[in-house]
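Raw contents of upload.pdb, PDB, C-alpha atoms and all ligand atoms:
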ATOM      1  CA  MET A  44      -4.049   9.083  -3.884
ATOM      2  CA  LYS A  45      -6.411   7.713  -1.277
ATOM      3  CA  LYS A  46      -9.377   8.342  -3.554
ATOM      4  CA  ASP A  47      -7.778   6.614  -6.526
ATOM      5  CA  LEU A  48      -6.721   3.560  -4.535
ATOM      6  CA  LYS A  49     -10.137   3.361  -2.923
ATOM      7  CA  PHE A  50     -11.681   3.591  -6.377
ATOM      8  CA  TYR A  51      -9.709   0.571  -7.586
ATOM      9  CA  LEU A  52     -10.397  -1.431  -4.413
ATOM     10  CA  ASN A  53     -14.126  -0.814  -4.836
ATOM     11  CA  LYS A  54     -13.938  -1.602  -8.529
ATOM     12  CA  ALA A  55     -12.134  -4.862  -7.679
ATOM     13  CA  LEU A  56     -14.847  -5.760  -5.192
ATOM     14  CA  LYS A  57     -17.596  -5.100  -7.726
ATOM     15  CA  GLU A  58     -15.946  -6.704 -10.728
ATOM     16  CA  GLY A  59     -14.349  -9.775  -9.120
ATOM     17  CA  PHE A  60     -10.667  -9.037  -9.532
ATOM     18  CA  CYS A  61      -7.980  -7.967  -7.076
ATOM     19  CA  LEU A  62      -4.999  -5.675  -6.848
ATOM     20  CA  GLY A  63      -1.710  -7.517  -6.602
ATOM     21  CA  ALA A  64       0.422  -6.043  -3.826
ATOM     22  CA  LEU A  65       3.935  -6.858  -4.924
ATOM     23  CA  ASN A  66       6.936  -6.282  -2.668
ATOM     24  CA  PHE A  67      10.147  -4.710  -3.888
ATOM     25  CA  SER A  68      13.471  -3.886  -2.302
ATOM     26  CA  ASN A  69      15.588  -2.832  -5.253
ATOM     27  CA  MET A  70      15.326  -1.041  -8.574
ATOM     28  CA  GLU A  71      15.277  -4.105 -10.819
ATOM     29  CA  CYS A  72      12.421  -5.772  -8.926
ATOM     30  CA  LEU A  73      10.422  -2.555  -9.025
ATOM     31  CA  GLN A  74      11.081  -2.084 -12.742
ATOM     32  CA  GLY A  75      10.043  -5.682 -13.434
ATOM     33  CA  ILE A  76       6.766  -5.176 -11.532
ATOM     34  CA  ILE A  77       5.986  -1.904 -13.301
ATOM     35  CA  ASP A  78       6.895  -3.338 -16.714
ATOM     36  CA  GLY A  79       4.520  -6.240 -16.027
ATOM     37  CA  ALA A  80       1.704  -3.942 -14.910
ATOM     38  CA  LYS A  81       2.157  -1.687 -17.931
ATOM     39  CA  ALA A  82       2.249  -4.616 -20.357
ATOM     40  CA  THR A  83      -1.138  -5.755 -19.059
ATOM     41  CA  ASN A  84      -2.740  -2.357 -18.487
ATOM     42  CA  SER A  85      -3.230  -3.304 -14.843
ATOM     43  CA  PRO A  86      -3.399  -1.300 -11.614
ATOM     44  CA  ILE A  87      -0.941  -2.569  -9.002
ATOM     45  CA  ILE A  88       0.203  -1.884  -5.449
ATOM     46  CA  ILE A  89       3.940  -1.694  -4.838
ATOM     47  CA  SER A  90       4.679  -2.752  -1.264
ATOM     48  CA  VAL A  91       7.605  -1.883   0.937
ATOM     49  CA  SER A  92       8.180  -3.721   4.208
ATOM     50  CA  GLU A  93       9.889  -2.072   7.161
ATOM     51  CA  GLY A  94      12.968  -4.139   6.342
ATOM     52  CA  ALA A  95      12.886  -3.137   2.690
ATOM     53  CA  LEU A  96      12.563   0.548   3.602
ATOM     54  CA  LYS A  97      15.589   0.258   5.857
ATOM     55  CA  TYR A  98      17.505  -1.590   3.135
ATOM     56  CA  MET A  99      16.720   0.909   0.361
ATOM     57  CA  GLN A 100      16.799   3.955   2.681
ATOM     58  CA  ASP A 101      13.954   6.463   2.693
ATOM     59  CA  ASP A 102      15.136   8.836  -0.045
ATOM     60  CA  TYR A 103      16.126   6.154  -2.530
ATOM     61  CA  CYS A 104      12.901   4.269  -1.894
ATOM     62  CA  MET A 105      10.763   7.353  -2.443
ATOM     63  CA  ALA A 106      12.696   8.396  -5.539
ATOM     64  CA  LEU A 107      12.165   4.944  -7.084
ATOM     65  CA  ALA A 108       8.515   4.757  -6.047
ATOM     66  CA  ASN A 109       7.768   8.247  -7.314
ATOM     67  CA  VAL A 110       9.126   7.394 -10.754
ATOM     68  CA  ALA A 111       6.938   4.286 -10.742
ATOM     69  CA  ARG A 112       3.919   6.333  -9.634
ATOM     70  CA  LYS A 113       4.152   8.572 -12.679
ATOM     71  CA  ASN A 114       2.242   5.731 -14.317
ATOM     72  CA  LYS A 115      -1.506   5.553 -13.771
ATOM     73  CA  GLY A 116      -2.807   3.055 -11.211
ATOM     74  CA  ILE A 117       0.411   2.427  -9.258
ATOM     75  CA  PHE A 118       0.067   2.782  -5.468
ATOM     76  CA  LEU A 119       2.743   2.731  -2.760
ATOM     77  CA  HIS A 120       1.953   0.751   0.392
ATOM     78  CA  LEU A 121       3.739   0.101   3.688
ATOM     79  CA  ASP A 122       3.646  -3.637   4.371
ATOM     80  CA  HIS A 123       3.516  -4.928   7.985
ATOM     81  CA  GLY A 124       4.192  -1.689   9.818
ATOM     82  CA  LYS A 125       4.605  -2.820  13.391
ATOM     83  CA  SER A 126       4.393   0.517  15.189
ATOM     84  CA  TYR A 127       2.573   3.843  15.106
ATOM     85  CA  GLU A 128       5.910   5.541  14.434
ATOM     86  CA  ILE A 129       6.721   3.596  11.237
ATOM     87  CA  CYS A 130       3.186   4.116   9.916
ATOM     88  CA  LYS A 131       3.362   7.840  10.652
ATOM     89  CA  LYS A 132       6.713   7.987   8.897
ATOM     90  CA  ALA A 133       5.287   6.284   5.806
ATOM     91  CA  VAL A 134       2.291   8.629   5.795
ATOM     92  CA  ASP A 135       4.621  11.619   6.059
ATOM     93  CA  LEU A 136       6.834  10.257   3.264
ATOM     94  CA  GLY A 137       3.809  10.196   0.969
ATOM     95  CA  PHE A 138       2.721   6.543   0.860
ATOM     96  CA  ASP A 139      -0.792   5.925  -0.486
ATOM     97  CA  SER A 140      -1.639   3.372   2.194
ATOM     98  CA  VAL A 141      -0.134   1.781   5.276
ATOM     99  CA  MET A 142      -0.613  -1.500   7.047
ATOM    100  CA  ILE A 143      -0.548  -1.416  10.810
ATOM    101  CA  ASP A 144       0.140  -4.965  11.877
ATOM    102  CA  GLY A 145      -0.945  -5.275  15.477
ATOM    103  CA  SER A 146      -1.749  -8.950  15.067
ATOM    104  CA  SER A 147       0.826  -9.998  17.640
ATOM    105  CA  LEU A 148      -0.804  -7.820  20.285
ATOM    106  CA  ASP A 149      -3.828  -8.814  22.281
ATOM    107  CA  TYR A 150      -7.143  -7.861  20.688
ATOM    108  CA  ALA A 151      -7.775  -4.687  22.736
ATOM    109  CA  GLU A 152      -4.228  -3.424  22.141
ATOM    110  CA  ASN A 153      -4.522  -4.166  18.405
ATOM    111  CA  ILE A 154      -7.706  -2.056  18.276
ATOM    112  CA  LYS A 155      -6.075   0.793  20.205
ATOM    113  CA  LEU A 156      -2.948   0.901  18.030
ATOM    114  CA  THR A 157      -4.872   0.509  14.776
ATOM    115  CA  LYS A 158      -7.283   3.298  15.701
ATOM    116  CA  LYS A 159      -4.374   5.615  16.480
ATOM    117  CA  VAL A 160      -2.875   4.960  13.035
ATOM    118  CA  VAL A 161      -6.263   5.395  11.324
ATOM    119  CA  ASP A 162      -6.804   8.740  13.055
ATOM    120  CA  TYR A 163      -3.460  10.043  11.801
ATOM    121  CA  ALA A 164      -3.482   8.506   8.316
ATOM    122  CA  HIS A 165      -7.046   9.474   7.411
ATOM    123  CA  LYS A 166      -6.342  13.122   8.152
ATOM    124  CA  LYS A 167      -3.763  12.908   5.363
ATOM    125  CA  GLU A 168      -6.023  10.898   3.050
ATOM    126  CA  VAL A 169      -3.952   7.732   3.427
ATOM    127  CA  LEU A 170      -5.692   4.348   3.593
ATOM    128  CA  VAL A 171      -5.103   1.898   6.429
ATOM    129  CA  GLU A 172      -5.011  -1.910   6.419
ATOM    130  CA  ALA A 173      -4.915  -3.891   9.643
ATOM    131  CA  GLU A 174      -4.596  -7.585  10.494
ATOM    132  CA  LEU A 175      -6.675  -9.745  12.754
ATOM    133  CA  GLY A 176      -5.661 -13.298  13.546
ATOM    134  CA  GLN A 177      -2.132 -14.397  12.773
ATOM    135  CA  ILE A 178      -0.608 -15.385   9.492
ATOM    136  CA  LYS A 179       2.196 -17.852   9.989
ATOM    137  CA  GLY A 180       5.698 -16.970   8.887
ATOM    138  CA  ILE A 181       6.761 -13.407   9.431
ATOM    139  CA  GLU A 182       5.094 -13.372  12.826
ATOM    140  CA  ASP A 183       6.583 -16.687  13.887
ATOM    141  CA  GLU A 184       8.470 -15.210  16.818
ATOM    142  CA  VAL A 185       5.192 -14.213  18.417
ATOM    143  CA  SER A 186       2.892 -17.042  17.396
ATOM    144  CA  SER A 187       2.721 -20.765  17.900
ATOM    145  CA  ALA A 188       3.395 -23.173  15.056
ATOM    146  CA  SER A 189      -0.307 -23.348  14.308
ATOM    147  CA  HIS A 190      -2.506 -20.797  12.579
ATOM    148  CA  HIS A 191      -4.563 -18.308  14.547
ATOM    149  CA  TYR A 192      -7.534 -17.843  12.263
ATOM    150  CA  THR A 193      -9.486 -14.590  12.204
ATOM    151  CA  ASP A 194     -12.540 -14.642  14.438
ATOM    152  CA  PRO A 195     -15.490 -13.322  12.339
ATOM    153  CA  ILE A 196     -17.275 -11.708  15.287
ATOM    154  CA  GLN A 197     -14.115  -9.917  16.332
ATOM    155  CA  ALA A 198     -13.579  -8.839  12.707
ATOM    156  CA  LEU A 199     -16.926  -7.028  12.664
ATOM    157  CA  GLU A 200     -16.251  -5.268  15.958
ATOM    158  CA  PHE A 201     -12.639  -4.485  14.958
ATOM    159  CA  VAL A 202     -13.655  -2.799  11.712
ATOM    160  CA  LYS A 203     -16.371  -0.777  13.458
ATOM    161  CA  LYS A 204     -14.126   0.351  16.293
ATOM    162  CA  THR A 205     -11.042   1.213  14.222
ATOM    163  CA  GLY A 206     -12.439   2.542  10.946
ATOM    164  CA  VAL A 207      -9.846   0.645   8.863
ATOM    165  CA  ASP A 208     -10.242   0.651   5.093
ATOM    166  CA  THR A 209      -9.221  -2.964   4.538
ATOM    167  CA  LEU A 210      -8.643  -5.996   6.744
ATOM    168  CA  ALA A 211      -6.071  -8.777   6.329
ATOM    169  CA  VAL A 212      -7.558 -12.097   7.348
ATOM    170  CA  ALA A 213      -5.875 -15.265   8.542
ATOM    171  CA  ILE A 214      -7.496 -18.240   6.799
ATOM    172  CA  GLY A 215      -4.529 -20.573   6.363
ATOM    173  CA  THR A 216      -2.050 -18.759   4.152
ATOM    174  CA  SER A 217       1.465 -18.194   5.461
ATOM    175  CA  HIS A 218       4.501 -16.127   4.566
ATOM    176  CA  GLY A 219       7.582 -17.493   2.865
ATOM    177  CA  ALA A 220       8.468 -20.383   0.577
ATOM    178  CA  TYR A 221       7.463 -23.321   2.783
ATOM    179  CA  LYS A 222       3.737 -23.034   3.293
ATOM    180  CA  TYR A 223       2.385 -26.563   3.567
ATOM    181  CA  SER A 224       3.662 -29.894   4.774
ATOM    182  CA  GLY A 225       0.236 -31.542   4.555
ATOM    183  CA  GLU A 226      -3.024 -30.878   2.772
ATOM    184  CA  LYS A 227      -3.154 -27.626   0.797
ATOM    185  CA  THR A 228      -6.354 -25.942   1.904
ATOM    186  CA  LEU A 229      -7.703 -22.574   2.961
ATOM    187  CA  ARG A 230     -10.531 -21.939   5.444
ATOM    188  CA  PHE A 231     -13.145 -20.591   3.046
ATOM    189  CA  ASP A 232     -15.780 -21.327   5.691
ATOM    190  CA  ILE A 233     -14.207 -18.718   7.972
ATOM    191  CA  LEU A 234     -13.901 -16.284   5.075
ATOM    192  CA  SER A 235     -17.606 -16.712   4.297
ATOM    193  CA  ASP A 236     -18.523 -16.126   7.949
ATOM    194  CA  ILE A 237     -16.489 -12.903   7.943
ATOM    195  CA  GLU A 238     -18.204 -11.794   4.739
ATOM    196  CA  LYS A 239     -21.651 -12.469   6.166
ATOM    197  CA  LEU A 240     -20.931 -10.070   9.030
ATOM    198  CA  LEU A 241     -18.991  -7.581   6.900
ATOM    199  CA  PRO A 242     -20.752  -7.627   3.538
ATOM    200  CA  ALA A 243     -18.943  -5.833   0.708
ATOM    201  CA  PHE A 244     -15.973  -5.010   2.907
ATOM    202  CA  PRO A 245     -12.573  -5.212   1.165
ATOM    203  CA  LEU A 246     -10.431  -8.044   2.542
ATOM    204  CA  VAL A 247      -6.759  -8.812   2.047
ATOM    205  CA  LEU A 248      -4.849 -12.061   1.705
ATOM    206  CA  HIS A 249      -1.215 -12.155   2.823
ATOM    207  CA  GLY A 250       1.212 -15.011   2.341
ATOM    208  CA  ALA A 251      -0.324 -15.715  -1.034
ATOM    209  CA  SER A 252       2.608 -16.729  -3.215
ATOM    210  CA  THR A 253       2.020 -19.839  -5.276
ATOM    211  CA  VAL A 254       5.743 -20.659  -4.944
ATOM    212  CA  ASP A 255       5.971 -21.217  -8.657
ATOM    213  CA  GLN A 256       7.473 -24.679  -9.130
ATOM    214  CA  GLU A 257       9.148 -23.777 -12.419
ATOM    215  CA  LEU A 258      11.132 -21.132 -10.573
ATOM    216  CA  VAL A 259      11.888 -23.437  -7.636
ATOM    217  CA  ASN A 260      13.095 -26.125 -10.036
ATOM    218  CA  LYS A 261      15.326 -23.620 -11.796
ATOM    219  CA  ILE A 262      16.835 -22.557  -8.472
ATOM    220  CA  ASN A 263      17.478 -26.188  -7.526
ATOM    221  CA  LYS A 264      18.920 -26.944 -10.969
ATOM    222  CA  PHE A 265      21.375 -24.075 -10.799
ATOM    223  CA  GLY A 266      22.929 -24.698  -7.408
ATOM    224  CA  GLY A 267      20.179 -23.609  -5.007
ATOM    225  CA  GLU A 268      18.588 -25.663  -2.250
ATOM    226  CA  MET A 269      14.852 -25.224  -1.915
ATOM    227  CA  LYS A 270      13.743 -28.819  -2.137
ATOM    228  CA  SER A 271      10.411 -28.783  -0.281
ATOM    229  CA  ALA A 272       9.230 -25.278  -1.197
ATOM    230  CA  THR A 273       5.435 -25.152  -1.658
ATOM    231  CA  GLY A 274       2.880 -22.377  -2.030
ATOM    232  CA  ILE A 275      -0.839 -21.743  -2.199
ATOM    233  CA  PRO A 276      -2.399 -23.534  -5.196
ATOM    234  CA  ALA A 277      -3.451 -20.912  -7.760
ATOM    235  CA  GLU A 278      -6.999 -22.292  -7.893
ATOM    236  CA  LEU A 279      -7.522 -21.461  -4.199
ATOM    237  CA  LEU A 280      -6.430 -17.885  -4.854
ATOM    238  CA  VAL A 281      -8.722 -17.673  -7.874
ATOM    239  CA  LYS A 282     -11.622 -18.833  -5.699
ATOM    240  CA  ALA A 283     -10.739 -16.201  -3.073
ATOM    241  CA  VAL A 284     -10.793 -13.474  -5.725
ATOM    242  CA  LYS A 285     -13.743 -14.628  -7.812
ATOM    243  CA  GLU A 286     -16.098 -15.926  -5.135
ATOM    244  CA  HIS A 287     -15.093 -13.851  -2.112
ATOM    245  CA  ASN A 288     -14.231 -10.274  -1.149
ATOM    246  CA  ILE A 289     -10.451 -10.542  -1.420
ATOM    247  CA  VAL A 290      -9.404  -7.353  -3.214
ATOM    248  CA  LYS A 291      -5.677  -7.314  -2.444
ATOM    249  CA  ILE A 292      -3.309 -10.264  -2.681
ATOM    250  CA  ASN A 293       0.185  -9.879  -1.221
ATOM    251  CA  THR A 294       3.056 -11.500  -3.042
ATOM    252  CA  ASP A 295       6.722 -11.305  -2.233
ATOM    253  CA  THR A 296       8.176 -14.814  -2.281
ATOM    254  CA  ASP A 297       7.318 -15.481  -5.947
ATOM    255  CA  LEU A 298       9.175 -12.327  -6.971
ATOM    256  CA  ARG A 299      12.191 -13.327  -4.895
ATOM    257  CA  LEU A 300      12.142 -16.730  -6.598
ATOM    258  CA  ALA A 301      11.886 -15.026  -9.987
ATOM    259  CA  ILE A 302      14.923 -12.805  -9.653
ATOM    260  CA  THR A 303      17.009 -15.408  -7.840
ATOM    261  CA  SER A 304      16.297 -18.213 -10.327
ATOM    262  CA  ALA A 305      17.179 -15.993 -13.282
ATOM    263  CA  VAL A 306      20.376 -14.674 -11.720
ATOM    264  CA  ARG A 307      21.457 -18.190 -10.696
ATOM    265  CA  GLU A 308      20.910 -19.512 -14.190
ATOM    266  CA  VAL A 309      22.719 -16.736 -15.999
ATOM    267  CA  LEU A 310      25.695 -16.791 -13.634
ATOM    268  CA  MET A 311      26.040 -20.582 -13.730
ATOM    269  CA  GLN A 312      25.787 -20.624 -17.505
ATOM    270  CA  ASN A 313      28.112 -17.678 -18.060
ATOM    271  CA  PRO A 314      30.858 -18.029 -15.471
ATOM    272  CA  SER A 315      32.941 -15.246 -16.990
ATOM    273  CA  ILE A 316      30.423 -12.402 -16.662
ATOM    274  CA  PHE A 317      30.897  -9.890 -13.866
ATOM    275  CA  ASP A 318      28.986  -6.777 -14.943
ATOM    276  CA  PRO A 319      25.896  -6.710 -12.643
ATOM    277  CA  ARG A 320      23.788  -5.431 -15.516
ATOM    278  CA  ASP A 321      24.373  -8.699 -17.365
ATOM    279  CA  TYR A 322      22.586 -10.744 -14.731
ATOM    280  CA  LEU A 323      20.255  -8.195 -13.146
ATOM    281  CA  LYS A 324      18.575  -7.407 -16.450
ATOM    282  CA  VAL A 325      17.719 -11.102 -16.778
ATOM    283  CA  GLY A 326      16.364 -11.058 -13.226
ATOM    284  CA  ARG A 327      14.299  -7.980 -14.012
ATOM    285  CA  GLU A 328      12.793  -9.664 -17.061
ATOM    286  CA  GLN A 329      11.855 -12.731 -15.007
ATOM    287  CA  VAL A 330      10.119 -10.484 -12.443
ATOM    288  CA  LYS A 331       8.186  -8.878 -15.300
ATOM    289  CA  GLN A 332       7.115 -12.295 -16.604
ATOM    290  CA  ILE A 333       5.909 -13.575 -13.223
ATOM    291  CA  THR A 334       4.047 -10.288 -12.668
ATOM    292  CA  ILE A 335       2.251 -10.709 -16.000
ATOM    293  CA  LYS A 336       1.424 -14.339 -15.200
ATOM    294  CA  LYS A 337      -0.102 -13.375 -11.844
ATOM    295  CA  ILE A 338      -2.045 -10.452 -13.254
ATOM    296  CA  LYS A 339      -3.568 -12.708 -15.907
ATOM    297  CA  LYS A 340      -4.135 -15.903 -13.942
ATOM    298  CA  VAL A 341      -4.581 -14.901 -10.287
ATOM    299  CA  PHE A 342      -5.359 -11.185  -9.912
ATOM    300  CA  PHE A 343      -7.517 -10.844 -13.079
ATOM    301  CA  SER A 344      -6.597  -7.149 -13.128
ATOM    302  CA  GLU A 345      -5.586  -7.041 -16.795
ATOM    303  CA  ASN A 346      -7.155  -4.052 -18.603
ATOM    304  CA  LYS A 347      -8.704  -2.751 -15.382
ATOM    305  CA  LEU A 348      -6.895   0.588 -15.468
TER     306      LEU A 348
HETATM  307  O1  LIG B   1       5.210 -10.272   4.434
HETATM  308  C1  LIG B   1       6.385  -9.979   4.487
HETATM  309  C2  LIG B   1       7.177  -9.650   3.285
HETATM  310  O2  LIG B   1       7.496 -10.809   2.584
HETATM  311  C3  LIG B   1       8.354  -8.808   3.657
HETATM  312  O3  LIG B   1       9.428  -9.524   4.109
HETATM  313  O4  LIG B   1      10.406  -8.197   6.011
HETATM  314  O5  LIG B   1      11.800  -9.802   4.669
HETATM  315  O6  LIG B   1      11.067  -7.647   3.664
HETATM  316  P1  LIG B   1      10.739  -8.747   4.649
HETATM  317  P1  LIG B   2       4.464 -14.443   0.399
HETATM  318  O1  LIG B   2       5.642 -14.784   1.273
HETATM  319  O2  LIG B   2       3.551 -15.608   0.256
HETATM  320  O3  LIG B   2       4.881 -13.892  -0.909
HETATM  321  O4  LIG B   2       3.618 -13.305   1.162
HETATM  322  C1  LIG B   2       4.036 -11.966   1.095
HETATM  323  C2  LIG B   2       3.244 -11.090   1.984
HETATM  324  O5  LIG B   2       2.237 -11.449   2.557
HETATM  325  C3  LIG B   2       3.718  -9.715   2.132
HETATM  326  O6  LIG B   2       2.959  -9.005   3.054
HETATM  327 ZN    ZN B   3       2.275 -10.241   4.677
END

Produce structure tokens that represent the structure in this file.
Amino acid sequence: MKKDLKFYLNKALKEGFCLGALNFSNMECLQGIIDGAKATNSPIIISVSEGALKYMQDDYCMALANVARKNKGIFLHLDHGKSYEICKKAVDLGFDSVMIDGSSLDYAENIKLTKKVVDYAHKKEVLVEAELGQIKGIEDEVSSASHHYTDPIQALEFVKKTGVDTLAVAIGTSHGAYKYSGEKTLRFDILSDIEKLLPAFPLVLHGASTVDQELVNKINKFGGEMKSATGIPAELLVKAVKEHNIVKINTDTDLRLAITSAVREVLMQNPSIFDPRDYLKVGREQVKQITIKKIKKVFFSENKL
């Protein structure tokens, strides 16, 4: 588990690709992700947030994930665990890696909490990701409207003191479907400074959906309202993967757009259908297609199994 995931993270670092970390919260989304990964012979991380775990319930989540993990190169990850208790629970359930997100705490408290999780998880061969700086969106209730970029000097000290396996950095990405109102940029200068101090250390980018405009347009066309939705331009993500040490790219919003756009279209165009399979299978297929597109054009993990 840990060894295999570590192997792929190191391989990604060496070969200039990344592992997509794709969130799921139901069977169809998970099946779409796995179908996409299998079609491209790609390793992939399947991510479950605290909210998604609560929604699916532990046993159902693990049953689904364990079927998915029968395939080679599929890893189960806890996304944005906010406490020691939730991370411990995920470790005990059999996750391959956990994220302890202490980014809303002050620096010393973040180190303390992260170290506690690392000490527990590593004993069970589970990898740990932490976050330094703040990524706008999910953490809005604890941050200001502006970004809190990762401080490179703190990043070096944080990694040394905690022993984390990967670090999520804040360089201008944000969670959700409304990422930019102005210029679409990322702080590659900060990323380079982090990499100078932490050479060859695996870094993670959250809030990295491109907010696929085809999907947004489909949602708007079929009764939705997402007029100003914007994401990270794909070329910035490609640069992060190809020219920097980003080995894991988190994507949730694009998958939500995929399933929702497909379900909206099929229901609007076929007002008489009422069997959930009739619309969910179309949603599942759209998730598969967006997964394939990302693997080929952003993650570059095709044929890396
Ligand atoms: O980064 C956060 C993910 O998009 C999870 O969101 O807490 O609504 O499941 P969620
Ligand atoms: P997006 O909202 O950009 O898909 O980010 C998801 C994420 O970072 C999950 O941890
Ligand atoms: Zn995130």

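When only C-alpha atoms are used to measure the gap to A:Cys72, the shortest distance among A:Lys132, A:Leu199, A:Val91, A:Asp236 belongs to A:Val91.
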
Expected answer as a ChimeraX atom specification: residues within 10 Å of ligand ZN 3 (chain B), all atoms listed in the file: /A:64,66,90,92,122-123,142,144,174,178-182,211,216-219,247-251,292-295

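By chain and then residue number, the residues within 9 Å of stretch 257-262 of chain A are Val254, Phe265, Gly266, Gly267, Glu268, Met269, Lys270, Ala272, Thr273, Asp297, Leu300, Ala301, Thr303, Ser304, Ala305, Arg307 and Glu308 of chain A, counting only C-alpha atoms and disregarding those fewer than 3 positions away in sequence.
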
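Among A:Cys61, A:Leu56, A:Ile77, A:Leu148, the residue with the shortest atom-to-atom distance to A:Glu328, counting all atoms listed in the file, is A:Ile77.
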
Evaluate the PyMOL selection byres (((chain A and resi 151-155) around 12) and not hetatm) here and jot the selected residues down as an MDAnalysis selection string. chainID A and resid 125:127 143:150 156:162 173:177 197:207

Incomplete stretch 226-241 of chain A brought to N, CA, C and O atoms, written out as a PDB file, keeping the file's coordinate frame:
ATOM      1  N   GLU A 226      -2.002 -31.220   3.757  1.00  0.00           N
ATOM      2  CA  GLU A 226      -3.024 -30.878   2.772  1.00  0.00           C
ATOM      3  C   GLU A 226      -3.068 -29.372   2.481  1.00  0.00           C
ATOM      4  O   GLU A 226      -3.009 -28.552   3.409  1.00  0.00           O
ATOM      5  N   LYS A 227      -3.159 -29.049   1.185  1.00  0.00           N
ATOM      6  CA  LYS A 227      -3.154 -27.626   0.797  1.00  0.00           C
ATOM      7  C   LYS A 227      -4.585 -27.090   0.751  1.00  0.00           C
ATOM      8  O   LYS A 227      -5.289 -27.276  -0.231  1.00  0.00           O
ATOM      9  N   THR A 228      -4.981 -26.457   1.847  1.00  0.00           N
ATOM     10  CA  THR A 228      -6.354 -25.942   1.904  1.00  0.00           C
ATOM     11  C   THR A 228      -6.358 -24.521   2.463  1.00  0.00           C
ATOM     12  O   THR A 228      -5.366 -24.065   3.033  1.00  0.00           O
ATOM     13  N   LEU A 229      -7.474 -23.853   2.287  1.00  0.00           N
ATOM     14  CA  LEU A 229      -7.703 -22.574   2.961  1.00  0.00           C
ATOM     15  C   LEU A 229      -9.063 -22.657   3.633  1.00  0.00           C
ATOM     16  O   LEU A 229      -9.951 -23.387   3.161  1.00  0.00           O
ATOM     17  N   ARG A 230      -9.273 -21.889   4.702  1.00  0.00           N
ATOM     18  CA  ARG A 230     -10.531 -21.939   5.444  1.00  0.00           C
ATOM     19  C   ARG A 230     -11.557 -20.976   4.840  1.00  0.00           C
ATOM     20  O   ARG A 230     -11.829 -19.908   5.373  1.00  0.00           O
ATOM     21  N   PHE A 231     -12.126 -21.428   3.694  1.00  0.00           N
ATOM     22  CA  PHE A 231     -13.145 -20.591   3.046  1.00  0.00           C
ATOM     23  C   PHE A 231     -14.400 -20.465   3.905  1.00  0.00           C
ATOM     24  O   PHE A 231     -15.167 -19.514   3.761  1.00  0.00           O
ATOM     25  N   ASP A 232     -14.611 -21.432   4.801  1.00  0.00           N
ATOM     26  CA  ASP A 232     -15.780 -21.327   5.691  1.00  0.00           C
ATOM     27  C   ASP A 232     -15.642 -20.110   6.611  1.00  0.00           C
ATOM     28  O   ASP A 232     -16.592 -19.345   6.809  1.00  0.00           O
ATOM     29  N   ILE A 233     -14.427 -19.891   7.104  1.00  0.00           N
ATOM     30  CA  ILE A 233     -14.207 -18.718   7.972  1.00  0.00           C
ATOM     31  C   ILE A 233     -14.349 -17.437   7.152  1.00  0.00           C
ATOM     32  O   ILE A 233     -14.971 -16.462   7.591  1.00  0.00           O
ATOM     33  N   LEU A 234     -13.798 -17.468   5.941  1.00  0.00           N
ATOM     34  CA  LEU A 234     -13.901 -16.284   5.075  1.00  0.00           C
ATOM     35  C   LEU A 234     -15.382 -15.946   4.817  1.00  0.00           C
ATOM     36  O   LEU A 234     -15.778 -14.771   4.904  1.00  0.00           O
ATOM     37  N   SER A 235     -16.173 -16.949   4.534  1.00  0.00           N
ATOM     38  CA  SER A 235     -17.606 -16.712   4.297  1.00  0.00           C
ATOM     39  C   SER A 235     -18.287 -16.144   5.533  1.00  0.00           C
ATOM     40  O   SER A 235     -19.139 -15.248   5.430  1.00  0.00           O
ATOM     41  N   ASP A 236     -17.920 -16.653   6.705  1.00  0.00           N
ATOM     42  CA  ASP A 236     -18.523 -16.126   7.949  1.00  0.00           C
ATOM     43  C   ASP A 236     -18.146 -14.656   8.150  1.00  0.00           C
ATOM     44  O   ASP A 236     -18.975 -13.851   8.583  1.00  0.00           O
ATOM     45  N   ILE A 237     -16.916 -14.319   7.829  1.00  0.00           N
ATOM     46  CA  ILE A 237     -16.489 -12.903   7.943  1.00  0.00           C
ATOM     47  C   ILE A 237     -17.316 -12.061   6.976  1.00  0.00           C
ATOM     48  O   ILE A 237     -17.816 -10.982   7.329  1.00  0.00           O
ATOM     49  N   GLU A 238     -17.481 -12.562   5.773  1.00  0.00           N
ATOM     50  CA  GLU A 238     -18.204 -11.794   4.739  1.00  0.00           C
ATOM     51  C   GLU A 238     -19.693 -11.625   5.060  1.00  0.00           C
ATOM     52  O   GLU A 238     -20.302 -10.625   4.680  1.00  0.00           O
ATOM     53  N   LYS A 239     -20.238 -12.609   5.772  1.00  0.00           N
ATOM     54  CA  LYS A 239     -21.651 -12.469   6.166  1.00  0.00           C
ATOM     55  C   LYS A 239     -21.819 -11.294   7.132  1.00  0.00           C
ATOM     56  O   LYS A 239     -22.785 -10.546   7.083  1.00  0.00           O
ATOM     57  N   LEU A 240     -20.852 -11.151   8.029  1.00  0.00           N
ATOM     58  CA  LEU A 240     -20.931 -10.070   9.030  1.00  0.00           C
ATOM     59  C   LEU A 240     -20.442  -8.733   8.490  1.00  0.00           C
ATOM     60  O   LEU A 240     -20.827  -7.674   8.957  1.00  0.00           O
ATOM     61  N   LEU A 241     -19.544  -8.810   7.493  1.00  0.00           N
ATOM     62  CA  LEU A 241     -18.991  -7.581   6.900  1.00  0.00           C
ATOM     63  C   LEU A 241     -19.232  -7.608   5.388  1.00  0.00           C
ATOM     64  O   LEU A 241     -18.286  -7.740   4.607  1.00  0.00           O
TER      65      LEU A 241
END
